[in-house]
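Colleague: So here's input_39.pdb (PDB, C-alpha atoms).
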MODEL        1
ATOM      1  CA  MET L 858     -19.447  -7.264 189.422
ATOM      2  CA  GLY L 859     -16.761  -7.462 186.902
ATOM      3  CA  ARG L 860     -19.029  -9.273 184.521
ATOM      4  CA  GLN L 861     -21.827  -6.789 185.048
ATOM      5  CA  PHE L 862     -19.455  -4.022 184.241
ATOM      6  CA  CYS L 863     -17.852  -5.811 181.323
ATOM      7  CA  THR L 864     -21.065  -6.652 179.469
ATOM      8  CA  PRO L 865     -22.316  -3.089 179.285
ATOM      9  CA  LEU L 866     -18.885  -2.011 178.085
ATOM     10  CA  LYS L 867     -19.029  -4.542 175.273
ATOM     11  CA  THR L 868     -22.519  -3.362 174.412
ATOM     12  CA  LEU L 869     -21.433   0.264 174.488
ATOM     13  CA  TYR L 870     -18.443  -0.579 172.352
ATOM     14  CA  ALA L 871     -20.653  -2.355 169.830
ATOM     15  CA  ASP L 872     -23.082   0.539 169.848
ATOM     16  CA  LEU L 873     -20.279   2.983 169.299
ATOM     17  CA  CYS L 874     -18.969   0.884 166.441
ATOM     18  CA  TYR L 875     -22.417   0.766 164.909
ATOM     19  CA  VAL L 876     -22.872   4.528 165.253
ATOM     20  CA  ALA L 877     -19.435   5.085 163.803
ATOM     21  CA  LEU L 878     -20.315   2.806 160.901
ATOM     22  CA  MET L 879     -23.566   4.696 160.289
ATOM     23  CA  ILE L 880     -21.773   8.025 160.465
ATOM     24  CA  ALA L 881     -19.150   6.779 158.031
ATOM     25  CA  ARG L 882     -21.850   5.587 155.695
ATOM     26  CA  LYS L 883     -23.648   8.918 155.953
ATOM     27  CA  PHE L 884     -20.420  10.781 155.262
ATOM     28  CA  ALA L 885     -19.770   8.492 152.317
ATOM     29  CA  ALA L 886     -23.283   9.159 151.055
ATOM     30  CA  LEU L 887     -22.806  12.878 151.568
ATOM     31  CA  ALA L 888     -19.463  12.700 149.791
ATOM     32  CA  LEU L 889     -21.067  10.832 146.935
ATOM     33  CA  LEU L 890     -23.914  13.343 146.825
ATOM     34  CA  ALA L 891     -21.434  16.229 146.872
ATOM     35  CA  ALA L 892     -19.511  14.600 144.063
ATOM     36  CA  LEU L 893     -22.704  14.166 142.064
ATOM     37  CA  ILE L 894     -23.687  17.785 142.706
ATOM     38  CA  ALA L 895     -20.218  18.935 141.723
ATOM     39  CA  ALA L 896     -20.343  16.810 138.599
ATOM     40  CA  SER L 897     -23.778  18.183 137.798
ATOM     41  CA  PHE L 898     -22.495  21.703 138.347
ATOM     42  CA  VAL L 899     -19.534  21.051 136.107
ATOM     43  CA  PHE L 900     -21.847  19.615 133.463
ATOM     44  CA  PHE L 901     -24.295  22.505 133.869
ATOM     45  CA  ASN L 902     -21.521  25.050 133.943
ATOM     46  CA  HIS L 903     -19.985  23.439 130.862
ATOM     47  CA  THR L 904     -23.376  23.684 129.171
ATOM     48  CA  LEU L 905     -23.687  27.300 130.237
ATOM     49  CA  ILE L 906     -20.225  28.030 128.941
ATOM     50  CA  ALA L 907     -21.079  26.257 125.734
ATOM     51  CA  GLN L 908     -23.999  28.637 125.329
ATOM     52  CA  THR L 909     -22.072  31.809 126.014
ATOM     53  CA  SER L 910     -18.392  31.253 125.340
ATOM     54  CA  PRO L 911     -16.558  31.802 122.034
ATOM     55  CA  GLY L 912     -16.146  28.102 121.426
ATOM     56  CA  ALA L 913     -19.898  27.605 121.298
ATOM     57  CA  ASP L 914     -20.524  29.210 117.922
ATOM     58  CA  SER L 915     -22.049  26.576 115.678
ATOM     59  CA  SER L 916     -20.510  28.164 112.610
ATOM     60  CA  ILE L 917     -17.144  26.551 113.326
ATOM     61  CA  THR L 918     -18.095  23.072 114.454
ATOM     62  CA  ASP L 919     -16.082  21.819 111.490
ATOM     63  CA  THR L 920     -12.868  22.663 113.356
ATOM     64  CA  ASP L 921     -11.232  21.935 116.674
ATOM     65  CA  VAL L 922      -9.799  25.474 116.891
ATOM     66  CA  PRO L 923     -11.376  27.442 119.800
ATOM     67  CA  MET L 924     -13.400  30.243 118.336
ATOM     68  CA  ASN L 925     -11.677  32.889 120.433
ATOM     69  CA  LYS L 926      -8.556  32.147 118.416
ATOM     70  CA  THR L 927     -10.224  32.477 115.005
ATOM     71  CA  LEU L 928     -10.345  35.304 112.512
ATOM     72  CA  ALA L 929     -14.163  35.380 112.685
ATOM     73  CA  TYR L 930     -14.083  35.980 116.435
ATOM     74  CA  HIS L 931     -11.509  38.743 115.962
ATOM     75  CA  LEU L 932     -13.611  40.472 113.301
ATOM     76  CA  SER L 933     -16.552  40.611 115.701
ATOM     77  CA  THR L 934     -14.789  41.572 118.906
ATOM     78  CA  ASN L 935     -12.486  44.032 117.148
ATOM     79  CA  ALA L 936     -15.483  45.940 115.784
ATOM     80  CA  VAL L 937     -17.288  45.754 119.129
ATOM     81  CA  GLY L 938     -14.205  47.141 120.857
ATOM     82  CA  ARG L 939     -14.115  50.038 118.400
ATOM     83  CA  ALA L 940     -17.791  50.756 119.020
ATOM     84  CA  ARG L 941     -17.419  50.849 122.809
ATOM     85  CA  GLY L 942     -18.503  54.252 124.122
ATOM     86  CA  PHE L 943     -20.702  54.947 121.078
ATOM     87  CA  GLU L 944     -24.453  54.431 120.825
ATOM     88  CA  GLY L 945     -24.612  53.211 117.242
ATOM     89  CA  ASN L 946     -26.633  56.124 115.911
ATOM     90  CA  LEU L 947     -26.071  57.681 112.498
ATOM     91  CA  ASP L 948     -23.867  60.482 113.829
ATOM     92  CA  ASP L 949     -21.433  57.917 115.258
ATOM     93  CA  MET L 950     -21.030  56.473 111.737
ATOM     94  CA  PHE L 951     -20.414  59.764 109.925
ATOM     95  CA  GLU L 952     -16.746  59.700 108.844
ATOM     96  CA  VAL L 953     -16.294  63.366 107.864
ATOM     97  CA  SER L 954     -17.289  66.744 109.260
ATOM     98  CA  GLY L 955     -17.857  69.903 107.230
ATOM     99  CA  TRP L 956     -19.496  67.868 104.477
ATOM    100  CA  ARG L 957     -23.016  67.897 103.050
ATOM    101  CA  TYR L 958     -24.883  65.551 100.768
ATOM    102  CA  SER L 959     -25.157  67.769  97.700
ATOM    103  CA  ILE L 960     -24.544  68.192  93.981
ATOM    104  CA  TYR L 961     -21.351  70.191  94.085
ATOM    105  CA  SER L 962     -21.200  73.329  91.932
ATOM    106  CA  GLY L 963     -19.529  76.699  91.964
ATOM    107  CA  THR L 964     -21.783  77.805  94.800
ATOM    108  CA  ASN L 965     -21.456  74.846  97.169
ATOM    109  CA  LEU L 966     -18.122  73.220  96.338
ATOM    110  CA  ALA L 967     -16.876  74.399  99.735
ATOM    111  CA  PHE L 968     -18.978  71.657 101.313
ATOM    112  CA  LEU L 969     -16.522  69.259  99.754
ATOM    113  CA  THR L 970     -13.261  71.195  99.792
ATOM    114  CA  ASN L 971     -13.600  72.104 103.477
ATOM    115  CA  ALA L 972     -14.316  68.542 104.608
ATOM    116  CA  VAL L 973     -12.272  67.145 107.506
ATOM    117  CA  TRP L 974     -12.297  63.791 109.268
ATOM    118  CA  SER L 975     -14.761  63.582 112.113
ATOM    119  CA  THR L 976     -13.257  63.537 115.592
ATOM    120  CA  ASN L 977     -16.346  61.771 116.960
ATOM    121  CA  PHE L 978     -16.413  58.736 114.695
ATOM    122  CA  TRP L 979     -16.319  55.136 115.868
ATOM    123  CA  LEU L 980     -13.563  54.165 113.385
ATOM    124  CA  LYS L 981     -11.517  57.319 113.729
ATOM    125  CA  GLY L 982      -7.891  56.728 112.740
ATOM    126  CA  VAL L 983      -8.450  53.326 111.139
ATOM    127  CA  LEU L 984      -6.130  52.725 108.186
ATOM    128  CA  GLY L 985      -7.778  52.567 104.774
ATOM    129  CA  LEU L 986     -10.553  55.109 105.273
ATOM    130  CA  SER L 987      -8.798  57.680 103.115
ATOM    131  CA  ALA L 988      -8.402  55.189 100.240
ATOM    132  CA  THR L 989     -12.034  55.744  99.239
ATOM    133  CA  SER L 990     -12.927  59.060  97.605
ATOM    134  CA  ILE L 991     -15.371  61.338  99.429
ATOM    135  CA  GLY L 992     -16.989  63.080  96.456
ATOM    136  CA  TYR L 993     -16.762  64.520  92.948
ATOM    137  CA  SER L 994     -16.538  68.036  91.602
ATOM    138  CA  ASN L 995     -20.055  67.815  90.190
ATOM    139  CA  GLY L 996     -21.678  64.690  91.588
ATOM    140  CA  MET L 997     -24.387  63.757  94.044
ATOM    141  CA  GLY L 998     -23.130  63.335  97.593
ATOM    142  CA  GLY L 999     -21.075  60.202  98.122
ATOM    143  CA  GLN L1000     -22.568  58.233  95.246
ATOM    144  CA  GLY L1001     -20.373  55.983  93.132
ATOM    145  CA  MET L1002     -17.166  56.328  95.123
ATOM    146  CA  VAL L1003     -13.946  54.645  94.012
ATOM    147  CA  THR L1004     -11.452  52.864  96.266
ATOM    148  CA  MET L1005      -7.733  53.010  95.624
ATOM    149  CA  VAL L1006      -5.871  49.693  95.412
ATOM    150  CA  SER L1007      -2.534  51.260  94.430
ATOM    151  CA  PRO L1008      -1.252  54.840  94.439
ATOM    152  CA  ARG L1009      -2.661  55.147  90.903
ATOM    153  CA  HIS L1010      -5.368  52.473  90.393
ATOM    154  CA  TYR L1011      -8.866  52.178  91.788
ATOM    155  CA  LEU L1012     -11.719  49.658  91.781
ATOM    156  CA  CYS L1013     -15.321  50.645  91.177
ATOM    157  CA  ALA L1014     -18.673  49.291  89.994
ATOM    158  CA  THR L1015     -18.954  48.813  86.231
ATOM    159  CA  HIS L1016     -22.479  50.203  86.229
ATOM    160  CA  MET L1017     -21.207  53.499  87.673
ATOM    161  CA  HIS L1018     -19.067  55.988  85.732
ATOM    162  CA  PRO L1019     -16.789  57.996  88.030
ATOM    163  CA  GLU L1020     -14.431  58.759  85.145
ATOM    164  CA  GLY L1021     -16.669  61.649  84.150
ATOM    165  CA  PHE L1022     -15.757  63.753  87.200
ATOM    166  CA  LEU L1023     -12.842  65.086  89.202
ATOM    167  CA  ALA L1024     -12.578  62.887  92.273
ATOM    168  CA  ALA L1025     -11.784  64.278  95.727
ATOM    169  CA  PHE L1026      -9.719  62.270  98.201
ATOM    170  CA  LEU L1027      -9.339  63.377 101.807
ATOM    171  CA  GLY L1028      -5.877  62.596 103.134
ATOM    172  CA  SER L1029      -5.235  61.671 106.741
ATOM    173  CA  ASN L1030      -3.748  65.174 107.022
ATOM    174  CA  ASN L1031      -7.178  66.696 106.183
ATOM    175  CA  ILE L1032      -5.955  67.929 102.788
ATOM    176  CA  ILE L1033      -8.148  67.374  99.720
ATOM    177  CA  TYR L1034      -6.423  65.860  96.675
ATOM    178  CA  TRP L1035      -8.095  66.098  93.281
ATOM    179  CA  ARG L1036      -7.572  63.518  90.568
ATOM    180  CA  LYS L1037      -9.124  62.684  87.222
ATOM    181  CA  THR L1038      -9.455  59.313  85.518
ATOM    182  CA  LEU L1039      -7.272  58.754  82.466
ATOM    183  CA  GLN L1040      -8.793  55.422  81.533
ATOM    184  CA  ARG L1041     -10.968  52.627  82.909
ATOM    185  CA  VAL L1042     -11.518  49.046  81.847
ATOM    186  CA  ASP L1043     -14.155  46.501  82.823
ATOM    187  CA  VAL L1044     -13.063  43.181  84.291
ATOM    188  CA  THR L1045     -16.076  40.969  85.046
ATOM    189  CA  ASN L1046     -18.955  40.615  87.495
ATOM    190  CA  ASP L1047     -19.479  44.423  87.769
ATOM    191  CA  ILE L1048     -15.784  45.043  88.593
ATOM    192  CA  SER L1049     -13.947  47.835  86.804
ATOM    193  CA  VAL L1050     -10.422  49.200  87.200
ATOM    194  CA  GLY L1051      -9.447  52.812  86.635
ATOM    195  CA  ILE L1052      -6.186  54.709  86.508
ATOM    196  CA  LEU L1053      -5.701  58.291  87.710
ATOM    197  CA  ASN L1054      -3.655  61.075  86.169
ATOM    198  CA  ALA L1055      -1.150  61.106  89.063
ATOM    199  CA  ASP L1056      -0.174  59.018  92.071
ATOM    200  CA  LEU L1057      -1.891  59.845  95.327
ATOM    201  CA  PRO L1058       0.334  60.517  98.365
ATOM    202  CA  PRO L1059       0.756  58.148 101.329
ATOM    203  CA  SER L1060      -1.653  60.326 103.334
ATOM    204  CA  VAL L1061      -4.383  58.951 101.053
ATOM    205  CA  GLY L1062      -2.852  55.539 100.500
ATOM    206  CA  TYR L1063      -4.667  52.497  99.172
ATOM    207  CA  MET L1064      -6.449  49.472 100.591
ATOM    208  CA  PRO L1065      -5.209  45.867 100.633
ATOM    209  CA  VAL L1066      -7.552  43.216  99.259
ATOM    210  CA  LEU L1067      -8.773  40.018 100.903
ATOM    211  CA  PRO L1068      -6.780  37.068  99.458
ATOM    212  CA  PRO L1069      -8.444  33.985  97.937
ATOM    213  CA  ASP L1070      -7.090  31.728 100.696
ATOM    214  CA  TYR L1071      -9.385  33.456 103.198
ATOM    215  CA  THR L1072     -11.504  30.315 102.808
ATOM    216  CA  ASN L1073      -8.949  28.531 105.013
ATOM    217  CA  TYR L1074      -9.579  30.938 107.874
ATOM    218  CA  ILE L1075     -13.322  31.682 107.776
ATOM    219  CA  SER L1076     -16.022  29.024 108.047
ATOM    220  CA  ALA L1077     -17.268  27.752 104.694
ATOM    221  CA  LYS L1078     -20.768  27.062 106.039
ATOM    222  CA  ASN L1079     -23.566  28.813 104.155
ATOM    223  CA  ALA L1080     -25.261  30.044 107.339
ATOM    224  CA  THR L1081     -22.128  31.717 108.679
ATOM    225  CA  PHE L1082     -22.096  35.496 109.071
ATOM    226  CA  VAL L1083     -18.895  37.380 109.880
ATOM    227  CA  GLN L1084     -18.597  40.984 110.986
ATOM    228  CA  GLY L1085     -17.984  43.248 108.011
ATOM    229  CA  ILE L1086     -17.904  47.004 107.503
ATOM    230  CA  GLY L1087     -19.989  48.840 104.894
ATOM    231  CA  MET L1088     -20.178  52.372 103.517
ATOM    232  CA  ASN L1089     -23.011  54.298 101.875
ATOM    233  CA  GLN L1090     -23.471  57.493  99.867
ATOM    234  CA  GLY L1091     -23.921  59.487 103.072
ATOM    235  CA  LEU L1092     -20.252  58.742 103.903
ATOM    236  CA  ARG L1093     -21.441  56.710 106.822
ATOM    237  CA  VAL L1094     -19.429  53.629 107.765
ATOM    238  CA  PHE L1095     -21.328  50.922 109.613
ATOM    239  CA  GLY L1096     -21.587  47.272 110.571
ATOM    240  CA  GLN L1097     -22.273  44.827 107.749
ATOM    241  CA  PRO L1098     -22.896  41.138 108.612
ATOM    242  CA  MET L1099     -21.391  39.255 105.658
ATOM    243  CA  GLN L1100     -21.366  35.773 104.206
ATOM    244  CA  LEU L1101     -18.084  34.921 102.502
ATOM    245  CA  VAL L1102     -18.988  31.449 101.306
ATOM    246  CA  ASN L1103     -19.537  32.118  97.594
ATOM    247  CA  ARG L1104     -16.648  32.490  95.149
ATOM    248  CA  THR L1105     -18.623  34.819  92.866
ATOM    249  CA  VAL L1106     -20.406  37.192  95.229
ATOM    250  CA  VAL L1107     -20.293  38.391  98.827
ATOM    251  CA  TYR L1108     -23.674  38.483 100.556
ATOM    252  CA  TRP L1109     -24.736  40.734 103.418
ATOM    253  CA  ASN L1110     -27.888  41.263 105.430
ATOM    254  CA  CYS L1111     -28.584  44.295 107.624
ATOM    255  CA  GLU L1112     -31.184  42.328 109.603
ATOM    256  CA  ARG L1113     -28.656  39.788 110.824
ATOM    257  CA  ARG L1114     -25.916  39.876 113.419
ATOM    258  CA  SER L1115     -22.613  38.057 113.307
ATOM    259  CA  PRO L1116     -21.806  35.930 116.396
ATOM    260  CA  PHE L1117     -20.299  38.134 119.142
ATOM    261  CA  GLY L1118     -20.460  41.103 116.746
ATOM    262  CA  LEU L1119     -22.137  44.495 116.624
ATOM    263  CA  GLY L1120     -25.845  44.824 117.366
ATOM    264  CA  THR L1121     -28.260  45.367 114.510
ATOM    265  CA  ASN L1122     -28.481  49.049 115.464
ATOM    266  CA  TRP L1123     -25.028  49.358 113.868
ATOM    267  CA  ASN L1124     -26.294  47.997 110.529
ATOM    268  CA  VAL L1125     -27.525  50.199 107.670
ATOM    269  CA  ALA L1126     -29.525  48.965 104.678
ATOM    270  CA  ILE L1127     -27.979  49.498 101.244
ATOM    271  CA  HIS L1128     -30.218  51.315  98.765
ATOM    272  CA  GLY L1129     -30.116  53.096  95.414
ATOM    273  CA  GLY L1130     -27.140  55.436  95.067
ATOM    274  CA  ASP L1131     -24.834  53.404  97.314
ATOM    275  CA  SER L1132     -23.397  51.459  94.347
ATOM    276  CA  SER L1133     -19.610  51.212  94.062
ATOM    277  CA  ASN L1134     -18.966  52.183  97.684
ATOM    278  CA  PRO L1135     -16.726  49.649  99.445
ATOM    279  CA  GLU L1136     -17.494  46.610 101.586
ATOM    280  CA  MET L1137     -14.655  45.713 103.941
ATOM    281  CA  LEU L1138     -13.337  43.770 106.911
ATOM    282  CA  LEU L1139     -11.596  45.415 109.861
ATOM    283  CA  ILE L1140      -8.544  43.388 110.880
ATOM    284  CA  GLY L1141      -6.626  45.025 113.671
ATOM    285  CA  ASN L1142      -6.395  48.683 112.672
ATOM    286  CA  GLN L1143      -6.579  47.985 108.926
ATOM    287  CA  LEU L1144      -9.579  47.987 106.606
ATOM    288  CA  VAL L1145      -9.335  45.212 104.019
ATOM    289  CA  LEU L1146     -11.297  45.491 100.768
ATOM    290  CA  VAL L1147     -13.738  42.659 100.046
ATOM    291  CA  SER L1148     -16.307  43.953  97.567
ATOM    292  CA  HIS L1149     -18.418  46.943  96.541
ATOM    293  CA  ASN L1150     -22.136  47.618  96.667
ATOM    294  CA  TYR L1151     -23.740  46.179  93.555
ATOM    295  CA  SER L1152     -27.155  45.287  94.917
ATOM    296  CA  VAL L1153     -28.991  45.684  98.201
ATOM    297  CA  ASN L1154     -27.653  42.380  99.530
ATOM    298  CA  PHE L1155     -24.553  41.457  97.534
ATOM    299  CA  GLY L1156     -21.531  42.522  95.542
ATOM    300  CA  PRO L1157     -18.698  40.870  93.596
ATOM    301  CA  ASN L1158     -16.141  38.774  95.455
ATOM    302  CA  TYR L1159     -12.810  40.476  94.652
ATOM    303  CA  ALA L1160     -10.756  37.638  96.143
ATOM    304  CA  PHE L1161     -11.460  35.339  93.215
ATOM    305  CA  GLN L1162     -10.774  37.970  90.560
ATOM    306  CA  ILE L1163      -7.249  38.858  91.740
ATOM    307  CA  ASP L1164      -5.471  37.672  88.592
ATOM    308  CA  ALA L1165      -7.975  39.331  86.257
ATOM    309  CA  ILE L1166      -7.738  42.631  88.143
ATOM    310  CA  ASN L1167      -3.934  42.517  88.171
ATOM    311  CA  ARG L1168      -3.888  41.937  84.405
ATOM    312  CA  GLN L1169      -6.013  45.004  83.828
ATOM    313  CA  MET L1170      -3.930  47.082  86.228
ATOM    314  CA  HIS L1171      -0.844  46.091  84.230
ATOM    315  CA  HIS L1172      -2.654  46.924  80.991
ATOM    316  CA  LEU L1173      -3.603  50.390  82.259
ATOM    317  CA  SER L1174      -0.089  51.052  83.528
ATOM    318  CA  THR L1175       1.400  50.070  80.159
ATOM    319  CA  ASP L1176      -1.129  52.087  78.167
ATOM    320  CA  ASN L1177      -0.436  55.181  80.245
ATOM    321  CA  HIS L1178       3.352  54.749  80.378
ATOM    322  CA  LEU L1179       3.729  54.276  84.116
ATOM    323  CA  LYS L1180       7.241  53.504  85.285
ATOM    324  CA  THR L1181       5.895  51.385  88.152
ATOM    325  CA  ASP L1182       3.825  48.290  87.447
ATOM    326  CA  TYR L1183       1.447  48.442  90.383
ATOM    327  CA  GLN L1184      -0.451  45.304  91.420
ATOM    328  CA  LEU L1185      -2.948  44.507  94.152
ATOM    329  CA  THR L1186      -1.666  44.172  97.696
ATOM    330  CA  LEU L1187      -3.117  41.040  99.305
ATOM    331  CA  TYR L1188      -3.645  41.127 103.043
ATOM    332  CA  SER L1189      -1.880  38.122 104.583
ATOM    333  CA  LEU L1190      -3.955  35.969 106.935
ATOM    334  CA  THR L1191      -1.255  33.435 107.753
ATOM    335  CA  ASN L1192      -1.064  34.565 111.393
ATOM    336  CA  TRP L1193      -4.561  33.185 111.941
ATOM    337  CA  PRO L1194      -5.271  29.488 112.555
ATOM    338  CA  VAL L1195      -6.562  27.420 109.654
ATOM    339  CA  ILE L1196     -10.067  26.125 110.400
ATOM    340  CA  ASN L1197     -11.065  24.602 107.049
ATOM    341  CA  ARG L1198      -8.929  21.647 106.011
TER     342      ARG L1198
ENDMDL
END
Now that the file is in, can you turn its structure into structure tokens?

Modeller:
Amino acid sequence: MGRQFCTPLKTLYADLCYVALMIARKFAALALLAALIAASFVFFNHTLIAQTSPGADSSITDTDVPMNKTLAYHLSTNAVGRARGFEGNLDDMFEVSGWRYSIYSGTNLAFLTNAVWSTNFWLKGVLGLSATSIGYSNGMGGQGMVTMVSPRHYLCATHMHPEGFLAAFLGSNNIIYWRKTLQRVDVTNDISVGILNADLPPSVGYMPVLPPDYTNYISAKNATFVQGIGMNQGLRVFGQPMQLVNRTVVYWNCERRSPFGLGTNWNVAIHGGDSSNPEMLLIGNQLVLVSHNYSVNFGPNYAFQIDAINRQMHHLSTDNHLKTDYQLTLYSLTNWPVINR
């Protein structure tokens, strides 16, 4: 009896061991499968992230700096943040109210003199807007505007001639300041420098210029577009996808979109009459001068004419007996990581 009882017990024990072994193997297989699924998910998720995250932009594959730390990423997301809550229609881009596109004369000069900054403008309050004139005493709309680069000096397109008019500047205090050009000189590559008859106040101010070492901070690849800001003769300020890879000219294309930047509905095509109006970058709350409209798709690269411009500014100051020798103010980029080595 004991043997009869013992044998089945041994068999049961063996069976239990076998079942336990099978269960263990199944759990091991399941664990392995789970690990493979998890690994696949990680790989897939990594791929998904690589398609959608800042670090995926192919324009900076020449650097190990995550894109969300780069200047290019900031230019895009900064502009997008400013545009939040706006639709990207023309009214959103109109920088002044009480203004009309017109040839100003004795009968309609009030269109200019009564202008005030728009309160429903996507870049309202951004520093540097007031550095660009908004019109002339007897000129067509916002054609051929000049941009101040010191309290007394401006940059403009050589093929335009703003020195023939009184220029109106709208201060941040909504006061119009009139100035006339004493003298202008041509530099190179459609860049001219002018000097006014009196300093403009801080409420108008002047714009800093992009420095030549920007090439350390923005991808040097030819296909790279960064988010820029343009302006036309309608005094509309809009998105401008730019290429900053050429030392002579800055290219832009209204049909393109910079990675993570504004949609193409924020872009406006440059056309005849927009010449001399500024092309800029928005860094933080500050507009930084890059170029001016020369052609539909490009303008001179100021960054590589800094010395030549400064020489002419000094020349104009000396010729007109200024006590202060104004020079360009270069916007420092040293807080941004270097991506081109």

Colleague: Show me, as a PDB file with C-alpha atoms, in the frame of the given file, the residues that have an atom within 9 Å of L:Tyr1183 when counting only C-alpha atoms, minus same-chain residues fewer than 5 positions from it.

Modeller:
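The resulting file, part-v5.pdb, is reproduced below:
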ATOM      1  CA  VAL L1006      -5.871  49.693  95.412  1.00  0.00           C
ATOM      2  CA  SER L1007      -2.534  51.260  94.430  1.00  0.00           C
ATOM      3  CA  PRO L1008      -1.252  54.840  94.439  1.00  0.00           C
ATOM      4  CA  ARG L1009      -2.661  55.147  90.903  1.00  0.00           C
ATOM      5  CA  HIS L1010      -5.368  52.473  90.393  1.00  0.00           C
ATOM      6  CA  ASN L1167      -3.934  42.517  88.171  1.00  0.00           C
ATOM      7  CA  MET L1170      -3.930  47.082  86.228  1.00  0.00           C
ATOM      8  CA  HIS L1171      -0.844  46.091  84.230  1.00  0.00           C
ATOM      9  CA  SER L1174      -0.089  51.052  83.528  1.00  0.00           C
TER      10      SER L1174
END

Colleague: Residues picked by the PyMOL selection byres ((chain L and resi 1030) around 12) here, as a list in words?

Modeller: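 In the shown coordinates, the PyMOL selection byres ((chain L and resi 1030) around 12) covers Ala972, Val973, Trp974, Gly982, Ser987, Phe1026, Leu1027, Gly1028, Ser1029, Asn1031, Ile1032, Ile1033, Tyr1034, Pro1058, Pro1059, Ser1060, Val1061 and Gly1062 of chain L.
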
Colleague: Write the residues of the selection above to a file with C-alpha atoms, as a PDB file, in the frame of the given file.

Modeller:
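Written output follows (part_18.pdb):
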ATOM      1  CA  ALA L 972     -14.316  68.542 104.608  1.00  0.00           C
ATOM      2  CA  VAL L 973     -12.272  67.145 107.506  1.00  0.00           C
ATOM      3  CA  TRP L 974     -12.297  63.791 109.268  1.00  0.00           C
ATOM      4  CA  GLY L 982      -7.891  56.728 112.740  1.00  0.00           C
ATOM      5  CA  SER L 987      -8.798  57.680 103.115  1.00  0.00           C
ATOM      6  CA  PHE L1026      -9.719  62.270  98.201  1.00  0.00           C
ATOM      7  CA  LEU L1027      -9.339  63.377 101.807  1.00  0.00           C
ATOM      8  CA  GLY L1028      -5.877  62.596 103.134  1.00  0.00           C
ATOM      9  CA  SER L1029      -5.235  61.671 106.741  1.00  0.00           C
ATOM     10  CA  ASN L1031      -7.178  66.696 106.183  1.00  0.00           C
ATOM     11  CA  ILE L1032      -5.955  67.929 102.788  1.00  0.00           C
ATOM     12  CA  ILE L1033      -8.148  67.374  99.720  1.00  0.00           C
ATOM     13  CA  TYR L1034      -6.423  65.860  96.675  1.00  0.00           C
ATOM     14  CA  PRO L1058       0.334  60.517  98.365  1.00  0.00           C
ATOM     15  CA  PRO L1059       0.756  58.148 101.329  1.00  0.00           C
ATOM     16  CA  SER L1060      -1.653  60.326 103.334  1.00  0.00           C
ATOM     17  CA  VAL L1061      -4.383  58.951 101.053  1.00  0.00           C
ATOM     18  CA  GLY L1062      -2.852  55.539 100.500  1.00  0.00           C
TER      19      GLY L1062
END

Colleague: Could you write out as a PyMOL selection string the residues that the PyMOL selection byres ((chain L and resi 1093) around 9) matches in the shown file?

Modeller: chain L and resi 947-953+1087-1092+1094-1095+1125

Colleague: Between atom CA of L:Asn1103 and atom CA of L:Arg1168, what distance in Å does the model show, to one decimal?

Modeller: 22.7 Å

Colleague: Of the candidates L:Asn1142, L:Ser1189, L:Val1050, L:Pro1098, which shows the shortest atom-to-atom distance to L:Asn935, using all atoms listed in the file?

Modeller: L:Asn1142

Colleague: So how far away is atom CA of L:Pro1019 from atom CA of L:Phe1161, in Å?

Modeller: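 Spanning atom CA of L:Phe1161 to atom CA of L:Pro1019 is a straight-line distance of 23.8 Å.
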
Colleague: Where does the PyMOL selection byres ((chain L and resi 1064) around 12) land in this file, that is, which residues does it pick, as a ChimeraX atom specification?

Modeller: /L:983-990,1003-1012,1059,1061-1063,1065-1067,1135-1139,1143-1148,1184-1188

Colleague: May I ask for the distance between atom CA of L:Asn1079 and atom CA of L:Tyr1108, given in Å to one decimal place?

Modeller: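 Separating atom CA of L:Asn1079 from atom CA of L:Tyr1108 is a distance of 10.3 Å.
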
Colleague: Out of L:Leu1190, L:Ser1132, L:Glu1112, L:Asn1046, which residue has the shortest atom-to-atom distance to L:Ala1165 when counting only C-alpha atoms?

Modeller: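 Nearest candidate to L:Ala1165 out of L:Leu1190, L:Ser1132, L:Glu1112, L:Asn1046: L:Asn1046.
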
Colleague: If we count all atoms listed in the file and set the cut-off at 8 Å, which residues sit around L:Thr927, ignoring sequence neighbours fewer than 3 positions away in its own chain? Please answer as an MDAnalysis selection string.

Modeller: chainID L and resid 922:924 930:931 1074:1075 1193:1194 1196

Colleague: May I ask which of the residues L:Asn1073, L:Leu1057, L:Val1153, L:Ile1086 is the closest one to L:Val1195, counting all atoms listed in the file?

Modeller: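 Selected residue with least distance to L:Val1195: L:Asn1073.
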
Colleague: Could you tell me which of L:Gly996, L:Gly1120, L:Gly1021, L:Gly942 comes closest to L:Leu966 if we count all atoms listed in the file?

Modeller: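 Smallest separation from L:Leu966 among the options: L:Gly996.
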
Colleague: Please list as JSON, numbers by chain every residue within 10 Å of L:Arg939, counting all atoms listed in the file and excluding residues in the same chain fewer than 6 positions away.

Modeller: {"L": [978, 979, 980, 981, 983, 1119, 1142]}

Colleague: For each of L:Pro1116, L:Val1042, L:Ile991, L:Asp1164, take the minimum atom-to-atom distance to L:His1016, counting all atoms listed in the file, then give the residue where this is smallest.

Modeller: L:Val1042
